[in-house]
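**Q** Can you read through this structure? Questions will come right after.
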Amino acid sequence: MENRIRDHREARGWSQGELARLLGVSRQTINAVETDKYDPSLPLTLRMAKLFGVAVPDLFIDPWEPEQ
């Protein structure tokens with residue numbers, strides 16, 4: 001699953017460190033999320049959505065489609 005975290009962060013002019021500080025996590029966590037090496041927990045995902053002012057589905061790209 002891809003995510004749009006980097007897009008939202010860069011649109012606000014924030015570094016990974018700044019975003020990490022705002023969310024109360026490490027810069028390494030933000031890097032791992034942005035590079036799809038770590039799926040964020042639900043609480044972290046909700047905090048990111050609230051911070052960016054978007055819905056959770058707007059943070060992720062899920063190519064999965066149900067079979068018809």
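If you're wondering about the labels, chains in the structure tokens are A, B, ... by order shown, residues count from 1 in each chain, ligands from 1 in order shown.
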Just list as a list in words whatever in chain A DSSP marks as strand (DSSP E or B).
**A** Glu2, Asn3, Phe60 and Ile61 of chain A
**Q** Set the distance at 12 Å and use only C-alpha atoms: which residues neighbour Trp14 in chain A once local chain neighbours fewer than 6 positions away are removed? I'd like the list as a list in words.
**A**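 The residues that qualify are Ile5, Arg6, Asp7, His8, Ala20, Arg21, Leu22, Arg27, Ile30 and Phe52 of chain A.
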**Q** Using only C-alpha atoms, find the one residue out of A:Pro43, A:Gly53, A:Pro63, A:Gly17 that sits nearest to Glu2 in chain A.
**A**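 That would be A:Pro63, the residue with the smallest distance to Glu2 in chain A.
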**Q** Work out how far CA of Ile61 in chain A is from CA of Met1 in chain A, in Å to one decimal.
**A** 6.0 Å
**Q** With distances taken over only C-alpha atoms, which residue among A:Thr29, A:Asn3, A:Met48, A:Ser41 lies nearest Phe60 in chain A?
**A**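 Looking at the shortest contact to Phe60 in chain A, the residue is A:Asn3.
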**Q** Quick check for you: according to DSSP on this backbone, which residues of chain A are classed as alpha helix (DSSP H)? Reply as a PyMOL selection string.
**A** chain A and resi 5-11+16-23+27-34+42-52
**Q** Those residues you just picked out, can you put them in a file as a short mmCIF file (atom, residue, chain, number, x, y, z; two decimals), in the first residue's frame with C-alpha atoms?
**A**
data_model
loop_
_atom_site.label_atom_id
_atom_site.label_comp_id
_atom_site.auth_asym_id
_atom_site.auth_seq_id
_atom_site.Cartn_x
_atom_site.Cartn_y
_atom_site.Cartn_z
CA ILE A 5 2.37 11.23 3.70
CA ARG A 6 5.41 12.78 2.00
CA ASP A 7 3.16 14.76 -0.37
CA HIS A 8 1.16 16.22 2.51
CA ARG A 9 4.30 16.94 4.56
CA GLU A 10 6.15 18.64 1.70
CA ALA A 11 3.06 20.69 0.76
CA GLN A 16 10.52 14.73 8.50
CA GLY A 17 11.84 15.89 11.86
CA GLU A 18 9.20 18.61 12.16
CA LEU A 19 6.40 16.19 11.31
CA ALA A 20 7.79 13.67 13.78
CA ARG A 21 7.87 16.29 16.53
CA LEU A 22 4.27 17.33 15.83
CA LEU A 23 3.13 13.69 15.96
CA ARG A 27 12.08 11.00 12.47
CA GLN A 28 13.01 7.41 11.65
CA THR A 29 9.36 6.41 12.06
CA ILE A 30 8.27 9.09 9.58
CA ASN A 31 10.98 7.97 7.14
CA ALA A 32 9.90 4.33 7.45
CA VAL A 33 6.23 5.25 6.87
CA GLU A 34 7.04 7.43 3.85
CA LEU A 42 -4.26 3.27 13.68
CA PRO A 43 -3.72 5.96 16.37
CA LEU A 44 -0.76 7.40 14.43
CA THR A 45 -2.73 7.30 11.19
CA LEU A 46 -5.62 9.15 12.83
CA ARG A 47 -3.23 11.79 14.22
CA MET A 48 -1.69 12.29 10.77
CA ALA A 49 -5.10 12.67 9.14
CA LYS A 50 -6.17 15.20 11.78
CA LEU A 51 -2.89 17.13 11.50
CA PHE A 52 -3.13 17.30 7.69
#
**Q** Go ahead and compute the interatomic distance for CA of Glu67 in chain A and CA of Tyr38 in chain A, in Å to one decimal.
**A**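 Rounded to one decimal, the two atoms are 27.1 Å apart.
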